[in-house]
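Note sheet for the following structure.
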Amino acid sequence: MSEDLAGRLVVALDLDGVTDKAGLMDRVARALALPGWFGRNWDALADSLADPSVWPKEAAGRGLLLVVRGWRAYAQGRPEEWRIAEDVFAQAADRTPALTVALDLGGSS
């Protein structure tokens, strides 16, 4: 079984240079143009990823493909945080059929 990703809004989440959770949250907020009230914590991230009403307007009715790039240095430098981030991404995608999160396995940007 395969998921049809055609037509989804593709948003790059570039984590190149991110060294901590605060940096990750800032990048997510910027990439997805999240509202100013975004809480910048794991629960707020999970809620925002799973809530199409706060995604970019272009994703409405199309779905969202979030491509995480440049993540390896952060994952190596903060492995516990990265495990939580991966879990949040996976759970949000599992809860929200219109969301797909993909890790870009290429080099950093």
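If you're wondering about the labels, chains in the structure tokens are A, B, ... by order shown, residues count from 1 in each chain, ligands from 1 in order shown.
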
- Message: For Gly23 of chain A, find every residue with an atom within 12 Å (counting only C-alpha atoms), except residues of its own chain fewer than 3 positions away, and show them as a VMD selection string.
- Response: chain A and resid 13 to 20 26 to 30 40 to 41 71 74 78 81

Write out the residues from the selection above, keeping N, CA and C atoms, as a short mmCIF file (atom, residue, chain, number, x, y, z; two decimals), in the first residue's frame.
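So the final result, stored in out.cif, reads:
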```cif
data_model
loop_
_atom_site.label_atom_id
_atom_site.label_comp_id
_atom_site.auth_asym_id
_atom_site.auth_seq_id
_atom_site.Cartn_x
_atom_site.Cartn_y
_atom_site.Cartn_z
N LEU A 13 11.56 21.96 6.29
CA LEU A 13 11.96 22.34 7.64
C LEU A 13 13.46 22.13 7.72
N ASP A 14 14.22 23.21 7.55
CA ASP A 14 15.67 23.13 7.50
C ASP A 14 16.23 23.32 8.90
N LEU A 15 16.84 22.26 9.43
CA LEU A 15 17.40 22.29 10.78
C LEU A 15 18.91 22.50 10.79
N ASP A 16 19.47 22.83 9.64
CA ASP A 16 20.91 23.07 9.57
C ASP A 16 21.29 24.19 10.54
N GLY A 17 22.21 23.93 11.44
CA GLY A 17 22.64 24.91 12.42
C GLY A 17 21.85 24.91 13.72
N VAL A 18 20.78 24.13 13.79
CA VAL A 18 20.00 24.05 15.03
C VAL A 18 20.79 23.22 16.05
N THR A 19 20.88 23.76 17.27
CA THR A 19 21.66 23.08 18.31
C THR A 19 20.86 22.73 19.55
N ASP A 20 19.58 23.18 19.61
CA ASP A 20 18.79 22.89 20.80
C ASP A 20 17.30 22.95 20.47
N ASP A 26 11.81 27.32 16.92
CA ASP A 26 11.82 28.53 16.10
C ASP A 26 11.75 28.19 14.61
N ARG A 27 12.50 27.17 14.20
CA ARG A 27 12.50 26.78 12.79
C ARG A 27 11.14 26.24 12.35
N VAL A 28 10.52 25.43 13.21
CA VAL A 28 9.20 24.90 12.89
C VAL A 28 8.19 26.04 12.78
N ALA A 29 8.23 26.95 13.75
CA ALA A 29 7.30 28.08 13.74
C ALA A 29 7.46 28.89 12.47
N ARG A 30 8.69 29.12 12.04
CA ARG A 30 8.95 29.89 10.83
C ARG A 30 8.53 29.12 9.58
N ARG A 40 5.93 26.69 21.65
CA ARG A 40 7.34 26.28 21.56
C ARG A 40 7.72 25.22 22.59
N ASN A 41 6.84 24.24 22.76
CA ASN A 41 7.14 23.07 23.59
C ASN A 41 6.64 21.83 22.83
N TRP A 71 19.06 17.69 9.61
CA TRP A 71 18.72 17.29 10.98
C TRP A 71 19.80 16.49 11.68
N TYR A 74 21.89 18.04 14.68
CA TYR A 74 21.04 18.20 15.86
C TYR A 74 20.80 16.84 16.51
N ARG A 78 22.07 16.36 20.25
CA ARG A 78 21.01 16.30 21.27
C ARG A 78 20.15 15.06 21.02
N GLU A 81 16.65 14.83 22.79
CA GLU A 81 15.68 15.76 22.21
C GLU A 81 15.24 15.28 20.83
#
```

Got a sec: who's within 9 Å of Leu103 of chain A, counting only C-alpha atoms, leaving out chain neighbours fewer than 2 positions off, as a JSON list (two decimals) with all heavy atoms, in the first residue's frame?
```
[["chain", "number", "residue", "atom", "x", "y", "z"],
["A", 66, "LEU", "N", 5.84, 17.66, 5.08],
["A", 66, "LEU", "CA", 6.90, 18.37, 5.78],
["A", 66, "LEU", "C", 8.20, 17.58, 5.60],
["A", 66, "LEU", "O", 8.31, 16.45, 6.06],
["A", 66, "LEU", "CB", 6.56, 18.50, 7.27],
["A", 66, "LEU", "CG", 7.53, 19.29, 8.13],
["A", 66, "LEU", "CD1", 7.58, 20.76, 7.69],
["A", 66, "LEU", "CD2", 7.15, 19.18, 9.60],
["A", 67, "VAL", "N", 9.15, 18.19, 4.91],
["A", 67, "VAL", "CA", 10.43, 17.54, 4.65],
["A", 67, "VAL", "C", 11.47, 18.14, 5.58],
["A", 67, "VAL", "O", 11.79, 19.32, 5.49],
["A", 67, "VAL", "CB", 10.86, 17.72, 3.17],
["A", 67, "VAL", "CG1", 12.21, 17.05, 2.92],
["A", 67, "VAL", "CG2", 9.79, 17.17, 2.23],
["A", 68, "VAL", "N", 11.98, 17.32, 6.48],
["A", 68, "VAL", "CA", 12.96, 17.75, 7.49],
["A", 68, "VAL", "C", 14.35, 17.55, 6.91],
["A", 68, "VAL", "O", 14.76, 16.43, 6.61],
["A", 68, "VAL", "CB", 12.79, 16.98, 8.81],
["A", 68, "VAL", "CG1", 13.74, 17.52, 9.86],
["A", 68, "VAL", "CG2", 11.34, 17.04, 9.29],
["A", 69, "ARG", "N", 15.08, 18.67, 6.76],
["A", 69, "ARG", "CA", 16.42, 18.65, 6.17],
["A", 69, "ARG", "C", 17.44, 19.10, 7.20],
["A", 69, "ARG", "O", 17.11, 19.81, 8.15],
["A", 69, "ARG", "CB", 16.46, 19.62, 5.00],
["A", 69, "ARG", "CG", 15.44, 19.34, 3.95],
["A", 69, "ARG", "CD", 15.45, 20.38, 2.86],
["A", 69, "ARG", "NE", 16.78, 20.40, 2.28],
["A", 69, "ARG", "CZ", 17.29, 21.44, 1.64],
["A", 69, "ARG", "NH1", 16.62, 22.54, 1.51],
["A", 69, "ARG", "NH2", 18.50, 21.37, 1.13],
["A", 70, "GLY", "N", 18.69, 18.71, 7.02],
["A", 70, "GLY", "CA", 19.78, 19.20, 7.86],
["A", 70, "GLY", "C", 19.64, 18.83, 9.33],
["A", 70, "GLY", "O", 20.09, 19.58, 10.20],
["A", 71, "TRP", "N", 19.06, 17.69, 9.61],
["A", 71, "TRP", "CA", 18.72, 17.29, 10.98],
["A", 71, "TRP", "C", 19.80, 16.49, 11.68],
["A", 71, "TRP", "O", 19.78, 16.35, 12.89],
["A", 71, "TRP", "CB", 17.42, 16.48, 10.97],
["A", 71, "TRP", "CG", 17.46, 15.30, 10.06],
["A", 71, "TRP", "CD1", 17.13, 15.28, 8.72],
["A", 71, "TRP", "CD2", 17.85, 13.97, 10.37],
["A", 71, "TRP", "NE1", 17.30, 14.03, 8.20],
["A", 71, "TRP", "CE2", 17.75, 13.20, 9.20],
["A", 71, "TRP", "CE3", 18.29, 13.36, 11.54],
["A", 71, "TRP", "CZ2", 18.07, 11.84, 9.14],
["A", 71, "TRP", "CZ3", 18.62, 12.00, 11.50],
["A", 71, "TRP", "CH2", 18.49, 11.27, 10.32],
["A", 101, "VAL", "N", 5.41, 13.45, 7.25],
["A", 101, "VAL", "CA", 6.71, 14.01, 7.63],
["A", 101, "VAL", "C", 7.77, 13.08, 7.07],
["A", 101, "VAL", "O", 7.73, 11.87, 7.31],
["A", 101, "VAL", "CB", 6.85, 14.13, 9.17],
["A", 101, "VAL", "CG1", 8.22, 14.69, 9.52],
["A", 101, "VAL", "CG2", 5.74, 15.00, 9.74],
["A", 105, "LEU", "N", 17.45, 12.39, 3.79],
["A", 105, "LEU", "CA", 18.65, 11.66, 4.20],
["A", 105, "LEU", "C", 19.91, 12.20, 3.54],
["A", 105, "LEU", "O", 21.00, 11.70, 3.80],
["A", 105, "LEU", "CB", 18.50, 10.17, 3.90],
["A", 105, "LEU", "CG", 17.37, 9.49, 4.67],
["A", 105, "LEU", "CD1", 17.27, 8.02, 4.27],
["A", 105, "LEU", "CD2", 17.53, 9.63, 6.16],
["A", 106, "GLY", "N", 19.78, 13.23, 2.72],
["A", 106, "GLY", "CA", 20.95, 13.84, 2.09],
["A", 106, "GLY", "C", 21.76, 14.62, 3.10],
["A", 106, "GLY", "O", 21.43, 14.68, 4.28]]
```

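Compared by their closest atoms to Pro56 of chain A, and using only C-alpha atoms, the residues A:Pro97, A:Val88, A:Gly36, A:Ala31 rank with A:Ala31 nearest.
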
- Message: For a test of reading the model, state the distance in Å between atom CA of Phe89 of chain A and atom CA of Ser53 of chain A, rounded to one decimal.
- Response: 17.2 Å

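Distances here use only C-alpha atoms; by that measure, the residue among A:Ala98, A:Ala33, A:Ala22, A:Leu9 closest to Glu58 of chain A is A:Leu9.
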
- Can you list, as a PyMOL selection string, every residue of chain A that DSSP puts in strand (DSSP E or B)? chain A and resi 9-14+64-69+99-103

Emit the selected residues as a PDB file, in the first residue's frame, including N, CA, C and O atoms.
```
ATOM      1  N   LEU A   9       1.017  20.268  -0.269  1.00  0.00           N
ATOM      2  CA  LEU A   9       1.929  21.395  -0.121  1.00  0.00           C
ATOM      3  C   LEU A   9       3.216  20.864   0.499  1.00  0.00           C
ATOM      4  O   LEU A   9       3.181  20.211   1.547  1.00  0.00           O
ATOM      5  N   VAL A  10       4.341  21.136  -0.132  1.00  0.00           N
ATOM      6  CA  VAL A  10       5.632  20.694   0.385  1.00  0.00           C
ATOM      7  C   VAL A  10       6.275  21.867   1.130  1.00  0.00           C
ATOM      8  O   VAL A  10       6.445  22.949   0.577  1.00  0.00           O
ATOM      9  N   VAL A  11       6.605  21.624   2.395  1.00  0.00           N
ATOM     10  CA  VAL A  11       7.274  22.625   3.225  1.00  0.00           C
ATOM     11  C   VAL A  11       8.577  22.021   3.723  1.00  0.00           C
ATOM     12  O   VAL A  11       8.574  20.928   4.302  1.00  0.00           O
ATOM     13  N   ALA A  12       9.681  22.732   3.489  1.00  0.00           N
ATOM     14  CA  ALA A  12      10.981  22.281   3.980  1.00  0.00           C
ATOM     15  C   ALA A  12      11.200  22.839   5.384  1.00  0.00           C
ATOM     16  O   ALA A  12      11.014  24.028   5.626  1.00  0.00           O
ATOM     17  N   LEU A  13      11.560  21.956   6.290  1.00  0.00           N
ATOM     18  CA  LEU A  13      11.957  22.340   7.643  1.00  0.00           C
ATOM     19  C   LEU A  13      13.462  22.132   7.715  1.00  0.00           C
ATOM     20  O   LEU A  13      13.937  21.013   7.876  1.00  0.00           O
ATOM     21  N   ASP A  14      14.215  23.207   7.545  1.00  0.00           N
ATOM     22  CA  ASP A  14      15.673  23.133   7.500  1.00  0.00           C
ATOM     23  C   ASP A  14      16.232  23.315   8.901  1.00  0.00           C
ATOM     24  O   ASP A  14      16.115  24.381   9.496  1.00  0.00           O
ATOM     25  N   LEU A  64      -0.295  18.255   3.709  1.00  0.00           N
ATOM     26  CA  LEU A  64       1.029  18.833   3.937  1.00  0.00           C
ATOM     27  C   LEU A  64       2.089  17.741   3.948  1.00  0.00           C
ATOM     28  O   LEU A  64       1.921  16.705   4.608  1.00  0.00           O
ATOM     29  N   LEU A  65       3.150  17.979   3.214  1.00  0.00           N
ATOM     30  CA  LEU A  65       4.337  17.135   3.250  1.00  0.00           C
ATOM     31  C   LEU A  65       5.451  17.977   3.848  1.00  0.00           C
ATOM     32  O   LEU A  65       5.908  18.937   3.230  1.00  0.00           O
ATOM     33  N   LEU A  66       5.839  17.657   5.083  1.00  0.00           N
ATOM     34  CA  LEU A  66       6.903  18.370   5.780  1.00  0.00           C
ATOM     35  C   LEU A  66       8.198  17.584   5.599  1.00  0.00           C
ATOM     36  O   LEU A  66       8.310  16.446   6.058  1.00  0.00           O
ATOM     37  N   VAL A  67       9.153  18.192   4.913  1.00  0.00           N
ATOM     38  CA  VAL A  67      10.431  17.538   4.647  1.00  0.00           C
ATOM     39  C   VAL A  67      11.469  18.138   5.578  1.00  0.00           C
ATOM     40  O   VAL A  67      11.788  19.324   5.490  1.00  0.00           O
ATOM     41  N   VAL A  68      11.983  17.315   6.484  1.00  0.00           N
ATOM     42  CA  VAL A  68      12.959  17.754   7.486  1.00  0.00           C
ATOM     43  C   VAL A  68      14.352  17.554   6.907  1.00  0.00           C
ATOM     44  O   VAL A  68      14.759  16.432   6.606  1.00  0.00           O
ATOM     45  N   ARG A  69      15.082  18.668   6.764  1.00  0.00           N
ATOM     46  CA  ARG A  69      16.419  18.653   6.173  1.00  0.00           C
ATOM     47  C   ARG A  69      17.443  19.103   7.204  1.00  0.00           C
ATOM     48  O   ARG A  69      17.113  19.807   8.146  1.00  0.00           O
ATOM     49  N   LEU A  99      -1.173  14.767   6.858  1.00  0.00           N
ATOM     50  CA  LEU A  99       0.204  15.154   7.164  1.00  0.00           C
ATOM     51  C   LEU A  99       1.150  13.995   6.903  1.00  0.00           C
ATOM     52  O   LEU A  99       0.915  12.872   7.351  1.00  0.00           O
ATOM     53  N   THR A 100       2.224  14.294   6.187  1.00  0.00           N
ATOM     54  CA  THR A 100       3.324  13.355   6.032  1.00  0.00           C
ATOM     55  C   THR A 100       4.598  14.090   6.424  1.00  0.00           C
ATOM     56  O   THR A 100       4.806  15.230   6.010  1.00  0.00           O
ATOM     57  N   VAL A 101       5.411  13.449   7.247  1.00  0.00           N
ATOM     58  CA  VAL A 101       6.709  14.013   7.631  1.00  0.00           C
ATOM     59  C   VAL A 101       7.765  13.083   7.075  1.00  0.00           C
ATOM     60  O   VAL A 101       7.732  11.871   7.311  1.00  0.00           O
ATOM     61  N   ALA A 102       8.706  13.661   6.319  1.00  0.00           N
ATOM     62  CA  ALA A 102       9.772  12.870   5.704  1.00  0.00           C
ATOM     63  C   ALA A 102      11.117  13.442   6.129  1.00  0.00           C
ATOM     64  O   ALA A 102      11.315  14.661   6.158  1.00  0.00           O
ATOM     65  N   LEU A 103      12.055  12.555   6.465  1.00  0.00           N
ATOM     66  CA  LEU A 103      13.416  12.974   6.777  1.00  0.00           C
ATOM     67  C   LEU A 103      14.250  12.909   5.504  1.00  0.00           C
ATOM     68  O   LEU A 103      14.339  11.842   4.882  1.00  0.00           O
TER      69      LEU A 103
END
```

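Atom to atom, atom CA of Gly77 of chain A and atom CA of Phe38 of chain A stand 24.9 Å apart.
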
- Query: Looking at A:Val54, A:Asp104, A:Ala92, A:Ile84, which one is nearest to Trp37 of chain A, with distances taken over only C-alpha atoms?
  - Reply: A:Val54

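Considering the residues A:Arg83, A:Lys21, A:Arg62, A:Arg95 and counting only C-alpha atoms, Leu49 of chain A has its shortest atom-to-atom contact with A:Arg95.
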
- Residue list (alpha helix (DSSP H), DSSP) for segment 42-95 of chain A, as an NGL selection string: :A and (42-49 or 72-77 or 79-95)

- Using only C-alpha atoms, which of the listed residues (A:Leu5, A:Leu32, A:Ala75, A:Ala50) sits closest to Ala90 of chain A? A:Ala50

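Residue nearest Gly63 of chain A within the list A:Gln91, A:Ser48, A:Gln76, A:Thr96: A:Thr96 [criterion: smallest interatomic distance, only C-alpha atoms].
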
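You will find atom CA of Ala85 of chain A at 24.1 Å from atom CA of Lys57 of chain A.
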